[in-house]
file entry.csv (CSV, C-alpha atoms)
chain,number,residue,atom,x,y,z
A,1,MET,CA,-7.3,-25.8,-10.0
A,2,VAL,CA,-5.0,-24.6,-7.2
A,3,THR,CA,-6.9,-23.0,-4.3
A,4,SER,CA,-5.6,-20.0,-2.4
A,5,ARG,CA,-4.3,-20.7,1.1
A,6,PRO,CA,-4.6,-18.0,3.9
A,7,LEU,CA,-1.4,-16.4,5.0
A,8,ASN,CA,-0.6,-15.9,8.7
A,9,PRO,CA,-1.2,-12.1,9.3
A,10,VAL,CA,2.3,-11.7,10.9
A,11,LEU,CA,4.0,-13.3,7.9
A,12,LYS,CA,1.8,-11.2,5.6
A,13,LEU,CA,2.9,-8.0,7.3
A,14,ALA,CA,6.6,-9.1,7.3
A,15,LEU,CA,6.4,-9.8,3.5
A,16,GLU,CA,4.9,-6.4,2.9
A,17,PHE,CA,7.3,-4.5,5.2
A,18,ALA,CA,10.5,-6.3,4.5
A,19,PRO,CA,11.2,-4.6,1.1
A,20,LEU,CA,10.7,-1.2,2.7
A,21,ALA,CA,13.0,-2.1,5.6
A,22,LEU,CA,15.7,-3.3,3.2
A,23,PHE,CA,15.3,-0.1,1.2
A,24,PHE,CA,15.8,1.9,4.4
A,25,ILE,CA,18.9,-0.1,5.4
A,26,ALA,CA,20.4,-0.1,1.9
A,27,ASN,CA,19.8,3.7,1.6
A,28,GLY,CA,21.7,4.3,4.9
A,29,ARG,CA,24.7,2.2,3.8
A,30,LEU,CA,24.8,2.4,0.1
A,31,GLY,CA,22.8,5.4,-1.0
A,32,ILE,CA,19.5,5.9,-2.9
A,33,PHE,CA,20.4,4.2,-6.2
A,34,ALA,CA,21.7,1.0,-4.6
A,35,ALA,CA,18.7,1.1,-2.2
A,36,THR,CA,16.4,1.4,-5.2
A,37,GLY,CA,17.9,-1.8,-6.8
A,38,VAL,CA,17.6,-3.6,-3.4
A,39,PHE,CA,14.0,-2.5,-3.2
A,40,MET,CA,13.2,-3.8,-6.6
A,41,VAL,CA,14.7,-7.2,-5.9
A,42,ALA,CA,13.1,-7.4,-2.5
A,43,ILE,CA,9.6,-6.6,-3.7
A,44,LEU,CA,9.9,-9.3,-6.4
A,45,THR,CA,11.2,-11.8,-3.8
A,46,SER,CA,8.4,-10.9,-1.4
A,47,LEU,CA,5.8,-11.5,-4.2
A,48,ALA,CA,7.4,-14.8,-5.1
A,49,ILE,CA,7.4,-16.0,-1.4
A,50,SER,CA,3.8,-14.8,-1.1
A,51,TYR,CA,2.8,-16.7,-4.2
A,52,ALA,CA,4.6,-19.8,-3.1
A,53,LEU,CA,2.8,-19.8,0.2
A,54,THR,CA,-0.7,-18.8,-0.9
A,55,ARG,CA,-0.9,-19.6,-4.7
A,56,THR,CA,-2.3,-16.1,-5.2
A,57,LEU,CA,-1.0,-12.6,-5.6
A,58,PRO,CA,-2.8,-9.7,-3.9
A,59,ILE,CA,-3.8,-7.1,-6.5
A,60,MET,CA,-2.5,-4.1,-4.4
A,61,ALA,CA,0.9,-5.8,-4.0
A,62,LEU,CA,1.0,-6.5,-7.7
A,63,ILE,CA,0.2,-2.9,-8.7
A,64,SER,CA,2.7,-1.5,-6.1
A,65,ALA,CA,5.4,-3.9,-7.4
A,66,GLY,CA,4.7,-2.9,-11.0
A,67,VAL,CA,5.1,0.8,-10.1
A,68,VAL,CA,8.2,0.1,-8.0
A,69,LEU,CA,9.8,-1.8,-11.0
A,70,PHE,CA,8.8,0.9,-13.5
A,71,TYR,CA,9.9,3.9,-11.5
A,72,GLY,CA,12.8,2.1,-9.9
A,73,GLY,CA,14.0,1.2,-13.4
A,74,LEU,CA,13.7,4.8,-14.5
A,75,THR,CA,15.6,5.9,-11.4
A,76,LEU,CA,18.5,3.6,-12.1
A,77,ALA,CA,18.5,4.0,-15.9
A,78,LEU,CA,18.4,7.8,-15.8
A,79,HIS,CA,20.3,8.0,-12.5
A,80,ASP,CA,17.6,10.4,-11.2
A,81,GLU,CA,16.2,9.8,-7.7
A,82,THR,CA,13.1,11.9,-8.5
A,83,PHE,CA,11.4,8.8,-10.0
A,84,ILE,CA,11.6,6.6,-6.9
A,85,LYS,CA,10.5,9.5,-4.8
A,86,MET,CA,7.4,10.0,-6.9
A,87,LYS,CA,6.5,6.3,-6.7
A,88,PRO,CA,4.4,6.6,-3.5
A,89,THR,CA,2.6,9.6,-5.0
A,90,ILE,CA,1.7,7.6,-8.1
A,91,VAL,CA,0.7,4.5,-6.2
A,92,ASN,CA,-1.4,6.3,-3.6
A,93,SER,CA,-3.1,8.5,-6.3
A,94,LEU,CA,-3.8,5.4,-8.4
A,95,PHE,CA,-5.4,3.6,-5.4
A,96,GLY,CA,-7.4,6.6,-4.5
A,97,ALA,CA,-8.6,7.1,-8.1
A,98,VAL,CA,-9.5,3.5,-8.5
A,99,LEU,CA,-11.5,3.4,-5.3
A,100,LEU,CA,-13.4,6.7,-6.1
A,101,GLY,CA,-13.9,5.4,-9.7
A,102,GLY,CA,-15.5,2.2,-8.3
A,103,LEU,CA,-17.8,4.3,-6.1
A,104,ALA,CA,-18.8,6.5,-9.1
A,105,PHE,CA,-19.9,3.3,-10.9
A,106,GLY,CA,-21.8,2.1,-7.8
A,107,LYS,CA,-19.3,-0.7,-7.1
A,108,PRO,CA,-17.1,-0.2,-4.0
A,109,LEU,CA,-13.8,-2.0,-4.7
A,110,LEU,CA,-12.5,-2.2,-1.2
A,111,PRO,CA,-14.4,-5.4,-0.5
A,112,LEU,CA,-12.2,-7.1,-3.2
A,113,VAL,CA,-9.2,-6.5,-0.9
A,114,LEU,CA,-10.8,-6.7,2.6
A,115,ASP,CA,-13.7,-9.0,2.1
A,116,GLN,CA,-12.0,-11.9,3.9
A,117,VAL,CA,-11.1,-9.6,6.8
A,118,LEU,CA,-14.3,-7.6,7.2
A,119,THR,CA,-18.0,-8.2,6.7
A,120,LEU,CA,-19.8,-4.9,6.3
A,121,THR,CA,-23.2,-3.6,5.1
A,122,PRO,CA,-23.2,-2.1,1.6
A,123,GLU,CA,-23.4,1.4,3.2
A,124,GLY,CA,-20.4,0.5,5.4
A,125,TRP,CA,-18.4,-0.6,2.4
A,126,ARG,CA,-19.2,2.7,0.5
A,127,LYS,CA,-18.2,4.8,3.5
A,128,LEU,CA,-15.0,2.9,4.2
A,129,THR,CA,-14.1,2.9,0.5
A,130,PHE,CA,-14.6,6.7,0.3
A,131,ARG,CA,-12.5,7.2,3.4
A,132,TRP,CA,-9.6,5.1,2.2
A,133,ALA,CA,-9.7,6.8,-1.2
A,134,ILE,CA,-9.4,10.2,0.4
A,135,PHE,CA,-6.6,8.9,2.7
A,136,PHE,CA,-4.7,7.6,-0.3
A,137,PHE,CA,-4.9,11.1,-1.8
A,138,VAL,CA,-3.7,12.7,1.4
A,139,LEU,CA,-0.7,10.3,1.5
A,140,ALA,CA,0.1,11.3,-2.1
A,141,VAL,CA,0.0,15.0,-1.3
A,142,LEU,CA,2.0,14.4,1.9
A,143,ASN,CA,4.7,12.4,-0.1
A,144,GLU,CA,4.9,15.3,-2.6
A,145,ALA,CA,5.4,17.8,0.2
A,146,VAL,CA,8.0,15.8,1.9
A,147,TRP,CA,10.2,14.7,-1.0
A,148,ARG,CA,10.2,18.2,-2.5
A,149,ASN,CA,11.3,19.9,0.8
A,150,VAL,CA,13.7,17.6,2.6
A,151,SER,CA,16.9,15.6,1.9
A,152,THR,CA,16.7,12.2,0.3
A,153,ASP,CA,17.7,10.5,3.6
A,154,THR,CA,14.9,12.4,5.5
A,155,TRP,CA,12.4,11.4,2.8
A,156,VAL,CA,13.5,7.7,3.1
A,157,ASP,CA,13.0,8.0,6.9
A,158,PHE,CA,9.5,9.4,6.4
A,159,LYS,CA,8.6,6.8,3.8
A,160,THR,CA,9.8,4.0,6.2
A,161,PHE,CA,8.7,5.4,9.6
A,162,GLY,CA,6.0,7.9,8.8
A,163,ILE,CA,3.7,6.3,6.3
A,164,MET,CA,3.3,3.0,8.1
A,165,PRO,CA,2.2,4.5,11.5
A,166,LEU,CA,-0.1,7.0,9.7
A,167,THR,CA,-1.7,4.2,7.8
A,168,LEU,CA,-2.1,2.1,11.0
A,169,LEU,CA,-3.6,5.1,12.9
A,170,PHE,CA,-6.0,5.8,10.0
A,171,ALA,CA,-7.0,2.1,9.9
A,172,LEU,CA,-7.6,2.1,13.7
A,173,ALA,CA,-9.6,5.3,13.4
A,174,GLN,CA,-12.1,3.4,11.1
A,175,THR,CA,-13.0,1.0,14.0
A,176,PRO,CA,-16.2,2.9,14.9
A,177,LEU,CA,-17.4,2.8,11.3
A,178,ILE,CA,-16.6,-0.9,11.0
A,179,LEU,CA,-18.4,-1.7,14.3
A,180,ARG,CA,-21.4,0.4,13.3
A,181,HIS,CA,-21.8,-1.1,9.8
A,182,GLY,CA,-20.6,-4.7,10.5
A,183,GLU,CA,-22.9,-7.4,9.3
A,184,GLU,CA,-23.6,-10.2,11.7
A,185,THR,CA,-22.2,-13.5,10.4
A,186,ARG,CA,-24.7,-15.7,8.7
A,187,GLY,CA,-26.3,-18.4,10.7
A,188,SER,CA,-25.9,-16.7,14.0
A,189,ALA,CA,-28.8,-16.4,16.4

call {"tool": "encode", "arguments": {"input": "entry.csv", "output": "structure tokens"}}
result
Amino acid sequence: MVTSRPLNPVLKLALEFAPLALFFIANGRLGIFAATGVFMVAILTSLAISYALTRTLPIMALISAGVVLFYGGLTLALHDETFIKMKPTIVNSLFGAVLLGGLAFGKPLLPLVLDQVLTLTPEGWRKLTFRWAIFFFVLAVLNEAVWRNVSTDTWVDFKTFGIMPLTLLFALAQTPLILRHGEETRGSA
């Protein structure tokens, strides 16, 4: 059995952000359809590198890649940019629904993603999971509002430079909850 190896946080962020950065650059130089193809190849390459380094694939990255490949494929096959523009709406709605579904069944699913990063009380995990679920739905609605009302280039700018800062700000805003509901490490005095 091959064990998972931890990935340097900076490298992890680079692997997650690189496909989006390449999408942005390709859109500016080659247009949305070429950018979609570049995005699809880049996300697969990022997953392959991540797997080669860690021997695991993060579930959120796999789901996102699957949706990128499906909607990117539709975008290219039908030559309709609507599909790639809807991808963030679909992914964020899916993540929000899965997180709320887990809560409805009494099983917060966020610890599956963040358990190695955070140690929270059960109440803390429930609250943090609920907040992230709502945030994902807000991102889905925001994406719909933006892509339906601005040019494709402006939407790509928003996707590249709007979503990431919003997500970072939201994550930082959760610090008080994390501090309030953090469990002390076992074995400490």

call {"tool": "atom_distance", "arguments": {"input": "entry.csv", "atom1": "atom CA of A:Leu109", "atom2": "atom CA of A:Thr167"}}
result
18.5 Å

call {"tool": "closest_residue", "arguments": {"input": "entry.csv", "among": "A:Gly66, A:Pro122, A:Gly72, A:Gly106", "to": "A:Val91", "atoms": "only C-alpha atoms"}}
result
A:Gly66

call {"tool": "residues_around", "arguments": {"input": "entry.csv", "residues": "A:Ile178", "least_positions_apart": "5", "cutoff": "8 Å", "atoms": "all atoms listed in the file", "output": "PyMOL selection string"}}
result
chain A and resi 120+124+128

call {"tool": "write_last_selection", "arguments": {"input": "entry.csv", "atoms": "C-alpha atoms", "output": "PDB file, in the frame of the given file"}}
result
ATOM      1  CA  LEU A 120     -19.800  -4.900   6.300  1.00  0.00           C
ATOM      2  CA  GLY A 124     -20.400   0.500   5.400  1.00  0.00           C
ATOM      3  CA  LEU A 128     -15.000   2.900   4.200  1.00  0.00           C
TER       4      LEU A 128
END

call {"tool": "atom_distance", "arguments": {"input": "entry.csv", "atom1": "atom CA of A:Ala97", "atom2": "atom CA of A:Leu166"}}
result
19.7 Å

call {"tool": "axis_aligned_box", "arguments": {"input": "entry.csv", "around": "stretch 107-111 of chain A", "padding_each_side": "8 Å", "output": "lines of an AutoDock Vina configuration file"}}
result
center_x = -15.9
center_y = -2.8
center_z = -3.8
size_x = 22.8
size_y = 21.2
size_z = 22.6

call {"tool": "closest_residue", "arguments": {"input": "entry.csv", "among": "A:Ser50, A:Asn27, A:Thr45, A:Thr89", "to": "A:Asp153", "atoms": "all atoms listed in the file"}}
result
A:Asn27

call {"tool": "closest_residue", "arguments": {"input": "entry.csv", "among": "A:Val156, A:Leu11, A:Leu94, A:Leu76", "to": "A:Leu53", "atoms": "all atoms listed in the file"}}
result
A:Leu11

call {"tool": "atom_distance", "arguments": {"input": "entry.csv", "atom1": "atom CA of A:Val138", "atom2": "atom CA of A:Val113"}}
result
20.1 Å

call {"tool": "residues_around", "arguments": {"input": "entry.csv", "residues": "A:Arg131", "least_positions_apart": "5", "cutoff": "9 Å", "atoms": "all atoms listed in the file", "output": "list in words"}}
result
Arg126, Phe136 and Gln174 of chain A

call {"tool": "residues_around", "arguments": {"input": "entry.csv", "residues": "A:Leu110", "least_positions_apart": "4", "cutoff": "12 Å", "atoms": "all atoms listed in the file", "output": "ChimeraX atom specification"}}
result
/A:59-60,95-96,98-103,114-120,122,124-133

call {"tool": "closest_residue", "arguments": {"input": "entry.csv", "among": "A:Leu74, A:Ile90, A:Leu112, A:Leu172", "to": "A:Ala140", "atoms": "only C-alpha atoms"}}
result
A:Ile90

call {"tool": "closest_residue", "arguments": {"input": "entry.csv", "among": "A:Leu22, A:Val10, A:Leu47, A:Ile32", "to": "A:Ile63", "atoms": "all atoms listed in the file"}}
result
A:Leu47

call {"tool": "closest_residue", "arguments": {"input": "entry.csv", "among": "A:Pro19, A:Pro165, A:Gly182, A:Pro88", "to": "A:Tyr71", "atoms": "only C-alpha atoms"}}
result
A:Pro88
